[in-house]
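Pasting structure31.cif here (mmCIF, C-alpha atoms):
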data_target
loop_
_atom_site.label_atom_id
_atom_site.label_comp_id
_atom_site.auth_asym_id
_atom_site.auth_seq_id
_atom_site.Cartn_x
_atom_site.Cartn_y
_atom_site.Cartn_z
CA MET Z 1 62.58 -4.25 23.64
CA ASN Z 2 63.98 -2.13 20.94
CA ALA Z 3 62.40 1.12 19.91
CA PRO Z 4 60.62 0.85 16.59
CA ASP Z 5 62.56 2.06 13.60
CA LEU Z 6 60.69 5.21 12.51
CA LEU Z 7 62.72 5.58 9.34
CA PRO Z 8 62.40 2.27 7.57
CA ASP Z 9 64.93 1.22 5.03
CA LEU Z 10 63.20 1.46 1.72
CA PRO Z 11 63.89 -1.58 -0.42
CA ASP Z 12 64.60 0.50 -3.48
CA GLU Z 13 65.30 4.19 -4.06
CA ARG Z 14 62.59 4.13 -6.71
CA LEU Z 15 60.01 3.67 -3.94
CA GLU Z 16 60.91 7.02 -2.39
CA ALA Z 17 60.77 8.66 -5.81
CA TRP Z 18 57.38 7.01 -6.35
CA LEU Z 19 56.12 8.42 -3.05
CA ASP Z 20 57.33 11.84 -4.20
CA HIS Z 21 55.48 11.44 -7.53
CA ALA Z 22 58.82 11.96 -9.22
CA LEU Z 23 58.88 8.90 -11.49
CA PRO Z 24 58.00 8.82 -15.15
CA PRO Z 25 54.61 7.15 -15.80
CA ASP Z 26 55.90 3.72 -16.90
CA GLU Z 27 58.25 3.42 -13.90
CA ALA Z 28 55.53 4.69 -11.57
CA ARG Z 29 53.19 1.98 -12.82
CA ALA Z 30 55.87 -0.69 -12.24
CA VAL Z 31 56.53 0.49 -8.66
CA ALA Z 32 52.80 0.67 -7.92
CA ASP Z 33 52.43 -2.95 -9.10
CA ARG Z 34 55.34 -3.99 -6.89
CA VAL Z 35 53.86 -2.20 -3.85
CA ALA Z 36 50.57 -3.97 -4.45
CA THR Z 37 52.10 -7.46 -4.82
CA ASP Z 38 55.26 -7.43 -2.67
CA ALA Z 39 54.58 -7.42 1.10
CA ALA Z 40 57.96 -5.82 1.97
CA TRP Z 41 57.42 -3.00 -0.51
CA GLY Z 42 53.83 -2.58 0.62
CA ASP Z 43 54.79 -2.33 4.32
CA ALA Z 44 57.60 0.10 3.57
CA ALA Z 45 55.31 2.27 1.52
CA ASP Z 46 52.59 2.25 4.23
CA THR Z 47 55.09 3.18 6.92
CA ALA Z 48 56.59 5.98 4.85
CA LEU Z 49 53.17 7.37 4.02
CA ARG Z 50 52.09 7.30 7.70
CA LEU Z 51 55.28 9.09 8.70
CA ARG Z 52 54.77 11.74 6.08
CA ALA Z 53 51.18 12.26 7.22
CA ALA Z 54 52.24 12.51 10.87
CA LEU Z 55 54.95 15.02 10.06
CA ALA Z 56 52.59 17.09 7.97
CA ALA Z 57 50.05 17.17 10.82
CA ALA Z 58 52.58 18.05 13.54
CA PRO Z 59 52.42 21.66 14.74
CA LEU Z 60 55.27 23.83 13.59
CA PRO Z 61 57.38 25.08 16.48
CA THR Z 62 57.49 28.85 16.66
CA ALA Z 63 60.38 30.84 18.02
CA PRO Z 64 59.74 33.47 20.67
CA PRO Z 65 59.41 37.01 19.26
CA ASP Z 66 62.83 38.09 20.52
CA PHE Z 67 64.60 34.96 19.32
CA ARG Z 68 66.08 36.63 16.28
CA ALA Z 69 67.34 39.64 18.25
CA ARG Z 70 68.87 37.38 20.89
CA VAL Z 71 70.71 35.34 18.28
CA PHE Z 72 72.15 38.48 16.70
CA ALA Z 73 73.06 39.86 20.12
CA ALA Z 74 74.97 36.70 20.93
CA LEU Z 75 77.05 36.93 17.78
CA PRO Z 76 80.48 38.62 17.97
CA PRO Z 77 80.59 42.04 16.29
CA ASP Z 78 82.53 40.81 13.26
CA ALA Z 79 79.98 38.07 12.66
CA GLN Z 80 76.96 40.37 12.60
CA PRO Z 81 75.13 40.18 9.29
CA THR Z 82 75.34 43.39 7.31
CA SER Z 83 71.59 43.36 6.80
CA VAL Z 84 68.96 41.73 8.91
CA HIS Z 85 67.42 40.54 5.67
CA ALA Z 86 70.63 39.20 4.18
CA ASP Z 87 70.22 35.70 5.50
CA ARG Z 88 66.51 35.45 4.87
CA PRO Z 89 65.20 33.64 1.87
CA PRO Z 90 63.03 35.88 -0.29
CA THR Z 91 59.47 35.96 0.90
CA PRO Z 92 56.60 35.87 -1.57
CA ARG Z 93 56.12 39.60 -0.96
CA ARG Z 94 59.77 40.34 -1.74
CA ARG Z 95 59.60 38.14 -4.82
CA ARG Z 96 56.51 40.04 -5.96
CA ARG Z 97 58.29 43.35 -5.45
CA VAL Z 98 61.29 42.14 -7.42
CA ARG Z 99 59.02 40.97 -10.23
CA LEU Z 100 57.17 44.30 -10.20
CA ALA Z 101 60.44 46.24 -10.30
CA ALA Z 102 61.70 44.09 -13.17
CA GLY Z 103 58.41 44.62 -14.98
CA ALA Z 104 58.60 48.36 -14.47
CA VAL Z 105 62.16 48.49 -15.81
CA PHE Z 106 61.13 46.39 -18.81
CA ALA Z 107 58.10 48.59 -19.50
CA ALA Z 108 60.27 51.72 -19.21
CA VAL Z 109 62.72 50.30 -21.74
CA VAL Z 110 59.87 49.41 -24.12
CA LEU Z 111 58.41 52.91 -23.68
CA ALA Z 112 61.77 54.58 -24.30
CA VAL Z 113 62.40 52.54 -27.43
CA GLY Z 114 58.86 53.16 -28.64
CA LEU Z 115 59.13 56.89 -28.05
CA TYR Z 116 62.43 56.99 -29.83
CA VAL Z 117 61.02 55.13 -32.81
CA THR Z 118 57.83 57.18 -33.04
CA ARG Z 119 59.08 60.65 -32.12
CA PHE Z 120 62.61 60.74 -33.38
CA GLN Z 121 62.13 59.27 -36.80
CA PRO Z 122 63.93 61.27 -39.43
CA GLU Z 123 61.64 63.95 -40.78
CA PRO Z 124 60.59 63.65 -44.39
CA ARG Z 125 62.50 66.03 -46.59
CA TYR Z 126 60.62 68.74 -48.39
CA SER Z 127 62.09 70.78 -51.19
CA ASP Z 128 62.57 74.50 -50.84
CA ALA Z 129 59.72 74.93 -53.32
CA ASP Z 130 57.40 72.88 -51.08
CA VAL Z 131 58.32 74.99 -48.06
CA ALA Z 132 57.89 78.23 -49.99
CA ALA Z 133 54.47 77.10 -51.28
CA ALA Z 134 53.41 76.09 -47.77
CA ARG Z 135 54.54 79.45 -46.42
CA ALA Z 136 52.54 81.20 -49.12
CA ASP Z 137 49.52 79.15 -48.03
CA VAL Z 138 49.97 80.30 -44.44
CA GLU Z 139 50.41 83.94 -45.41
CA TRP Z 140 47.36 83.80 -47.67
CA THR Z 141 45.31 82.25 -44.84
CA LEU Z 142 46.40 84.96 -42.41
CA ALA Z 143 45.63 87.69 -44.95
CA TYR Z 144 42.19 86.16 -45.54
CA LEU Z 145 41.49 86.08 -41.79
CA ASN Z 146 42.66 89.67 -41.44
CA ARG Z 147 40.34 90.78 -44.25
CA LEU Z 148 37.48 88.84 -42.71
CA ASN Z 149 38.17 90.47 -39.35
CA ALA Z 150 38.04 93.91 -40.97
CA GLN Z 151 34.82 93.08 -42.79
CA THR Z 152 33.06 91.73 -39.73
CA ALA Z 153 34.20 94.72 -37.66
CA ALA Z 154 32.64 97.00 -40.28
CA HIS Z 155 29.44 94.95 -40.18
CA VAL Z 156 29.30 95.20 -36.40
CA SER Z 157 29.84 98.97 -36.39
CA ASP Z 158 27.20 99.36 -39.12
CA ALA Z 159 24.70 97.32 -37.14
CA LEU Z 160 25.19 99.24 -33.88
CA PRO Z 161 22.84 102.16 -33.17
CA PRO Z 162 24.54 105.57 -33.26
CA LEU Z 163 25.94 106.73 -29.93
CA PRO Z 164 24.05 109.60 -28.28
CA GLN Z 165 25.94 112.87 -28.77
CA PRO Z 166 27.15 114.69 -25.63
CA GLU Z 167 25.31 117.93 -24.81
CA ALA Z 168 28.42 120.08 -25.35
CA ALA Z 169 28.81 118.88 -28.89
CA ARG Z 170 25.33 119.94 -29.94
CA MET G 1 53.53 37.49 -15.99
CA LYS G 2 50.09 38.17 -17.40
CA ARG G 3 50.09 41.57 -15.77
CA LEU G 4 53.50 42.33 -17.24
CA VAL G 5 52.37 41.39 -20.74
CA LEU G 6 49.26 43.53 -20.23
CA LEU G 7 51.41 46.46 -19.13
CA VAL G 8 53.68 46.17 -22.14
CA LEU G 9 50.70 45.96 -24.49
CA LEU G 10 49.19 49.02 -22.83
CA VAL G 11 52.43 50.96 -23.27
CA LEU G 12 52.71 49.90 -26.90
CA ALA G 13 49.10 50.84 -27.54
CA THR G 14 49.68 54.40 -26.34
CA LEU G 15 52.64 55.00 -28.64
CA PRO G 16 50.72 55.50 -31.92
CA ALA G 17 48.31 57.70 -30.02
CA ARG G 18 51.19 59.91 -28.90
CA ALA G 19 52.61 60.05 -32.38
CA GLN G 20 49.35 60.93 -34.12
CA ASN G 21 47.31 62.71 -31.50
CA LEU G 22 46.38 65.74 -33.60
CA ALA G 23 42.90 64.26 -34.01
CA GLY G 24 42.61 64.19 -30.22
CA ASP G 25 43.67 67.82 -29.84
CA PRO G 26 40.77 69.91 -28.47
CA GLY G 27 41.52 72.60 -31.05
CA TYR G 28 41.28 70.24 -34.02
CA LEU G 29 38.26 70.09 -36.33
CA ASP G 30 38.13 67.30 -38.87
CA LEU G 31 37.26 69.26 -42.00
CA SER G 32 36.66 66.09 -43.98
CA ARG G 33 33.23 66.04 -42.33
CA VAL G 34 32.14 69.00 -44.50
CA ASP G 35 33.41 67.45 -47.75
CA GLY G 36 30.19 65.51 -48.24
CA TRP G 37 28.02 68.61 -47.99
CA PHE G 38 29.04 69.93 -51.37
CA SER G 39 28.75 68.49 -54.83
CA ALA G 40 31.93 70.21 -56.07
CA GLU G 41 35.51 69.64 -55.05
CA PRO G 42 37.09 72.35 -52.90
CA THR G 43 38.76 75.10 -54.89
CA VAL G 44 41.22 75.65 -52.06
CA GLU G 45 42.49 72.86 -49.83
CA ILE G 46 45.30 73.53 -47.38
CA ASP G 47 46.49 70.92 -44.88
CA LEU G 48 49.60 72.08 -43.19
CA LYS G 49 50.94 70.29 -40.14
CA GLY G 50 53.79 68.20 -38.82
CA SER G 51 57.27 68.56 -40.18
CA LEU G 52 56.24 70.78 -43.10
CA LEU G 53 54.76 73.33 -40.69
CA ARG G 54 57.94 73.14 -38.63
CA MET G 55 60.03 73.77 -41.75
CA VAL G 56 57.89 76.77 -42.66
CA THR G 57 58.38 78.06 -39.11
CA ARG G 58 62.14 77.65 -39.43
CA SER G 59 62.12 79.36 -42.80
CA ALA G 60 60.37 82.38 -41.27
CA GLN G 61 62.75 82.69 -38.33
CA SER G 62 65.37 84.59 -40.30
CA ASP G 63 63.17 87.15 -42.07
CA ASP G 64 59.94 87.30 -40.03
CA PRO G 65 60.45 86.37 -36.38
CA ASP G 66 56.90 87.46 -35.46
CA LEU G 67 55.40 85.10 -38.00
CA ALA G 68 57.77 82.35 -36.85
CA ALA G 69 56.76 82.89 -33.24
CA MET G 70 53.08 82.62 -34.15
CA LEU G 71 53.61 79.55 -36.31
CA GLY G 72 55.61 77.97 -33.51
CA ARG G 73 52.44 77.94 -31.43
CA MET G 74 50.40 76.28 -34.16
CA ARG G 75 50.03 72.56 -34.73
CA ALA G 76 48.02 72.67 -37.94
CA VAL G 77 46.44 75.00 -40.47
CA GLN G 78 43.52 73.66 -42.49
CA VAL G 79 41.49 75.48 -45.12
CA ARG G 80 38.67 74.35 -47.42
CA ILE G 81 36.83 76.62 -49.86
CA PHE G 82 33.91 75.19 -51.78
CA PRO G 83 32.09 76.90 -54.65
CA LEU G 84 28.37 77.12 -53.96
CA ALA G 85 25.61 76.56 -56.46
CA ALA G 86 22.77 79.06 -56.12
CA GLY G 87 20.40 76.41 -54.84
CA ALA G 88 22.81 75.20 -52.19
CA LEU G 89 23.07 78.41 -50.17
CA ALA G 90 20.28 77.68 -47.71
CA SER G 91 21.51 74.14 -47.13
CA ALA G 92 25.08 75.37 -46.58
CA ARG G 93 23.87 77.95 -44.03
CA THR G 94 21.79 75.40 -42.15
CA ARG G 95 24.53 72.81 -42.04
CA THR G 96 27.12 75.36 -40.98
CA ALA G 97 24.84 76.58 -38.20
CA ASP G 98 24.41 72.97 -37.04
CA LEU G 99 28.18 72.50 -37.09
CA MET G 100 28.69 75.63 -34.99
CA ARG G 101 26.08 74.53 -32.48
CA GLY G 102 27.83 71.16 -32.21
CA LEU G 103 31.15 72.86 -31.58
CA GLU G 104 29.57 75.04 -28.88
CA ARG G 105 28.38 71.90 -27.13
CA GLN G 106 31.99 70.65 -27.20
CA GLY G 107 33.30 73.78 -25.49
CA TRP G 108 34.01 76.11 -28.40
CA GLU G 109 33.06 79.76 -27.86
CA SER G 110 31.68 82.00 -30.55
CA PHE G 111 33.27 85.44 -30.65
CA VAL G 112 32.07 86.76 -34.00
CA ARG G 113 28.74 85.97 -35.64
CA VAL G 114 27.63 88.11 -38.56
CA ARG G 115 24.60 87.68 -40.78
CA GLN G 116 24.40 90.68 -43.07
CA ASP G 117 24.61 91.60 -46.73
CA GLY G 118 24.64 88.00 -47.89
CA GLN G 119 27.47 87.06 -45.56
CA TYR G 120 27.17 84.50 -42.86
CA VAL G 121 30.33 84.53 -40.73
CA ASN G 122 31.11 82.53 -37.61
CA MET G 123 34.36 82.67 -35.70
CA MET G 124 34.93 80.44 -32.71
CA VAL G 125 37.78 79.75 -30.36
CA ARG G 126 38.25 76.93 -27.93
CA PRO G 127 39.94 77.75 -24.62
CA ARG G 128 42.42 75.15 -23.50
CA GLY G 129 40.70 75.17 -20.13
CA GLY G 130 41.89 75.01 -16.56
CA THR G 131 43.55 78.12 -15.24
CA SER G 132 45.27 78.85 -18.52
CA ASP G 133 44.16 81.66 -20.84
CA ALA G 134 45.67 79.82 -23.77
CA LEU G 135 43.53 78.79 -26.70
CA ALA G 136 43.41 75.33 -28.21
CA GLY G 137 42.24 76.43 -31.62
CA LEU G 138 40.27 78.68 -33.93
CA VAL G 139 37.48 77.80 -36.34
CA VAL G 140 36.11 80.13 -38.99
CA ALA G 141 33.09 79.26 -41.14
CA VAL G 142 31.83 81.59 -43.85
CA VAL G 143 28.95 81.22 -46.27
CA ASP G 144 29.47 84.04 -48.73
CA GLU G 145 26.47 84.66 -50.97
CA ASP G 146 28.38 86.92 -53.30
CA ASP G 147 26.46 87.22 -56.56
CA ASP G 148 29.45 86.48 -58.73
CA GLU G 149 31.10 83.78 -56.73
CA PRO G 150 29.17 82.29 -53.83
CA GLN G 151 31.39 80.08 -51.70
CA ALA G 152 31.70 78.37 -48.34
CA VAL G 153 34.95 78.76 -46.42
CA PHE G 154 36.12 76.64 -43.48
CA ILE G 155 39.35 77.37 -41.62
CA ASN G 156 40.74 75.57 -38.61
CA ILE G 157 43.95 76.62 -36.90
CA VAL G 158 45.07 74.23 -34.17
CA GLY G 159 47.19 75.78 -31.47
CA ASP G 160 47.36 78.73 -29.15
CA VAL G 161 46.42 81.45 -31.62
CA ASP G 162 45.37 84.96 -30.74
CA PRO G 163 42.83 86.25 -33.31
CA GLU G 164 44.06 89.82 -32.85
CA ARG G 165 47.63 88.76 -33.46
CA ILE G 166 46.52 86.94 -36.60
CA GLY G 167 45.01 90.21 -37.79
CA GLU G 168 48.19 92.16 -37.05
CA ILE G 169 50.42 89.74 -38.88
CA GLY G 170 47.92 88.99 -41.65
CA ARG G 171 47.74 92.71 -42.46
CA ARG G 172 51.35 92.58 -43.63
CA PHE G 173 50.55 90.07 -46.31
CA GLY G 174 48.11 92.41 -47.95
CA ALA G 175 44.39 92.63 -47.61
CA PRO G 176 43.10 90.79 -50.65
CA ASN G 177 40.42 92.66 -52.50
CA VAL G 178 36.93 91.66 -51.65
CA PRO G 179 36.08 88.98 -52.53
CA THR G 180 39.31 87.08 -52.21
CA PRO G 181 40.08 85.43 -55.52
CA PRO G 182 39.96 81.70 -55.07
CA ARG G 183 43.31 80.07 -55.34
CA PRO G 184 43.82 77.29 -57.86
CA PRO G 185 42.96 73.80 -56.68
CA ARG G 186 45.76 72.20 -54.77
CA THR G 187 46.69 68.68 -54.05
CA PRO G 188 47.21 68.35 -50.35
CA ARG G 189 50.77 67.54 -49.44
CA ARG G 190 51.51 64.55 -47.33
CA ASN G 191 52.22 65.48 -43.75
CA ASP G 192 53.77 63.18 -41.26
CA ASP G 193 51.48 63.56 -38.27
#
Please rewrite the model in this file as structure tokens.
Amino acid sequence: MNAPDLLPDLPDERLEAWLDHALPPDEARAVADRVATDAAWGDAADTALRLRAALAAAPLPTAPPDFRARVFAALPPDAQPTSVHADRPPTPRRRRRVRLAAGAVFAAVVLAVGLYVTRFQPEPRYSDADVAAARADVEWTLAYLNRLNAQTAAHVSDALPPLPQPEAAR
Amino acid sequence: MKRLVLLVLLVLATLPARAQNLAGDPGYLDLSRVDGWFSAEPTVEIDLKGSLLRMVTRSAQSDDPDLAAMLGRMRAVQVRIFPLAAGALASARTRTADLMRGLERQGWESFVRVRQDGQYVNMMVRPRGGTSDALAGLVVAVVDEDDDEPQAVFINIVGDVDPERIGEIGRRFGAPNVPTPPRPPRTPRRNDD
């Protein structure tokens, strides 16, 4: 008695693509009709689906914790990987870090360009007369504040009661 | 990707704020809020900030380094002087007192308050806060009930200004006779921030 063939020959490569949901809709409909009406296609599809389900349900073998170290230890010195991560496909965490780093670089570039545009725009030109008039405004404002200071100081000293005279001065 | 787009939008949103953040400066007082109090246009209107203030500072560096040093610490100088009708004096005093109280609630500190001989003078400074002694700004409000020319004066200097230093430097530019003659009306110049 021969062992059953676990990997059946599929009658058409389109059947495998159909099982992978990789066919365009019209072709997928044609294959589905063929599976429903052709016994050979139907059996092949059932077998393939059962195999896929069994494989999906099978427990994943796990390597012992020191497996990786033992493999590297067994390698000759010139075959040692330069980084223990060099041969590993990127994990979701590493991919997230890479995306974050790329985002940060992009944001920094946008910020730098924005700062350049907003802060280092050429200053509007004012004529010498404009600058002189503005300076006169400033000087007038300072003179006004100085006068106000002097006035309020006089008001304060007027409002204060006279200081008691020392005995010796009487 | 959504987070990246959000980050970029956030960065872009902060750029105008950085460019035009004078309104967010703790020493800034928006003097346009007093415009509506008076029926007349201001007789003096000074709005000096941005590149024009920087050019004035540069112009003073050669002949008046003290003035240049003081201007270098300023971000804006604003002045409004309004003529007062006789019937508007009480209202101007009340509104100015309300304004001063509002500023005190925001952290401004009154250092001169005079009510005598028809003059109502308030001077306030706002400390920048923290451990620094620096000031964020100065506000002066005057309701002058002078018989000939009653007027209301509002001055805001944004920056680390020392009132005593203002007096020292202002003395050089002459002490205008009392009362200060109002300057002719001015059209405010466009400033760039």
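Excluding Asp144 in chain G itself and same-chain residues fewer than 4 positions from it, the residues having an atom within 6 Å of it are Gln119, Pro150 and Gln151 of chain G, counting all atoms listed in the file.
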Please provide as a ChimeraX atom specification all residues within 9 Å of Phe38 in chain G, with the sequence filter that same-chain residues fewer than 3 positions apart are discarded (counting all atoms listed in the file). /G:34-35,41-42,82-84,88,92
So the first atom is CA of Arg80 in chain G and the second is CA of Arg58 in chain G; what is the distance between them in Å, to one decimal place? 25.0 Å
Given the PyMOL selection byres ((chain G and resi 108) around 7), the residues it picks as a PyMOL selection string: chain G and resi 103-104+106-107+109-110+124-126
Output file for the selection above: C-alpha atoms, as a CSV table (one decimal), keeping the file's coordinate frame:
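Generated file (out.csv):
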chain,number,residue,atom,x,y,z
G,103,LEU,CA,31.2,72.9,-31.6
G,104,GLU,CA,29.6,75.0,-28.9
G,106,GLN,CA,32.0,70.6,-27.2
G,107,GLY,CA,33.3,73.8,-25.5
G,109,GLU,CA,33.1,79.8,-27.9
G,110,SER,CA,31.7,82.0,-30.6
G,124,MET,CA,34.9,80.4,-32.7
G,125,VAL,CA,37.8,79.8,-30.4
G,126,ARG,CA,38.2,76.9,-27.9
What do you get, as number ranges by chain, if you spell out every residue that the PyMOL selection byres ((chain Z and resi 138) around 12) selects here? Z: 131-137, 139-145; G: 45-49, 52-53, 56-57, 60, 67-68, 70-71, 74, 76-79, 155-157, 166, 169-170, 173
Mind telling me what the PyMOL selection byres ((chain G and resi 97-100) around 12) catches here, as a PyMOL selection string? chain G and resi 29-31+33-34+37+90-96+101-115+120-126+139-143+154
As a short mmCIF file (atom, residue, chain, number, x, y, z; two decimals), keeping the file's coordinate frame, the rebuilt range 25-49 of chain G with N, CA and C atoms:
data_model
loop_
_atom_site.label_atom_id
_atom_site.label_comp_id
_atom_site.auth_asym_id
_atom_site.auth_seq_id
_atom_site.Cartn_x
_atom_site.Cartn_y
_atom_site.Cartn_z
N ASP G 25 43.42 66.47 -30.36
CA ASP G 25 43.67 67.82 -29.84
C ASP G 25 42.34 68.57 -29.74
N PRO G 26 42.07 69.22 -28.61
CA PRO G 26 40.77 69.91 -28.47
C PRO G 26 40.58 71.03 -29.49
N GLY G 27 41.66 71.53 -30.08
CA GLY G 27 41.52 72.60 -31.05
C GLY G 27 41.38 72.12 -32.48
N TYR G 28 41.31 70.80 -32.66
CA TYR G 28 41.28 70.24 -34.02
C TYR G 28 39.84 70.02 -34.47
N LEU G 29 39.56 70.39 -35.72
CA LEU G 29 38.26 70.09 -36.33
C LEU G 29 38.54 69.29 -37.60
N ASP G 30 37.93 68.15 -37.69
CA ASP G 30 38.13 67.30 -38.87
C ASP G 30 37.31 67.88 -40.02
N LEU G 31 37.98 68.59 -40.92
CA LEU G 31 37.26 69.26 -42.00
C LEU G 31 36.74 68.29 -43.06
N SER G 32 37.19 67.04 -42.99
CA SER G 32 36.66 66.09 -43.98
C SER G 32 35.16 65.87 -43.77
N ARG G 33 34.66 66.24 -42.58
CA ARG G 33 33.23 66.04 -42.33
C ARG G 33 32.36 66.98 -43.17
N VAL G 34 32.95 68.09 -43.67
CA VAL G 34 32.14 69.00 -44.50
C VAL G 34 32.26 68.65 -45.99
N ASP G 35 33.20 67.77 -46.33
CA ASP G 35 33.41 67.45 -47.75
C ASP G 35 32.12 66.95 -48.40
N GLY G 36 31.38 66.13 -47.65
CA GLY G 36 30.19 65.51 -48.24
C GLY G 36 29.02 66.47 -48.41
N TRP G 37 29.14 67.67 -47.88
CA TRP G 37 28.02 68.61 -47.99
C TRP G 37 27.89 69.20 -49.39
N PHE G 38 29.00 69.18 -50.11
CA PHE G 38 29.04 69.93 -51.37
C PHE G 38 29.25 68.98 -52.54
N SER G 39 28.63 69.35 -53.66
CA SER G 39 28.75 68.49 -54.83
C SER G 39 30.09 68.71 -55.53
N ALA G 40 30.68 69.89 -55.36
CA ALA G 40 31.93 70.21 -56.07
C ALA G 40 33.13 69.96 -55.15
N GLU G 41 34.26 69.76 -55.79
CA GLU G 41 35.51 69.64 -55.05
C GLU G 41 35.90 71.00 -54.49
N PRO G 42 36.66 71.04 -53.41
CA PRO G 42 37.09 72.35 -52.90
C PRO G 42 38.02 73.04 -53.89
N THR G 43 37.85 74.34 -54.03
CA THR G 43 38.76 75.10 -54.89
C THR G 43 40.06 75.43 -54.16
N VAL G 44 40.00 75.45 -52.86
CA VAL G 44 41.22 75.65 -52.06
C VAL G 44 41.24 74.58 -50.98
N GLU G 45 42.37 73.91 -50.85
CA GLU G 45 42.49 72.86 -49.83
C GLU G 45 43.90 72.95 -49.25
N ILE G 46 43.99 73.39 -48.04
CA ILE G 46 45.30 73.53 -47.38
C ILE G 46 45.30 72.63 -46.16
N ASP G 47 46.29 71.77 -46.06
CA ASP G 47 46.49 70.92 -44.88
C ASP G 47 47.95 71.02 -44.50
N LEU G 48 48.22 71.82 -43.54
CA LEU G 48 49.60 72.08 -43.19
C LEU G 48 49.81 71.69 -41.73
N LYS G 49 50.69 70.74 -41.51
CA LYS G 49 50.94 70.29 -40.14
C LYS G 49 52.26 69.55 -40.10
#
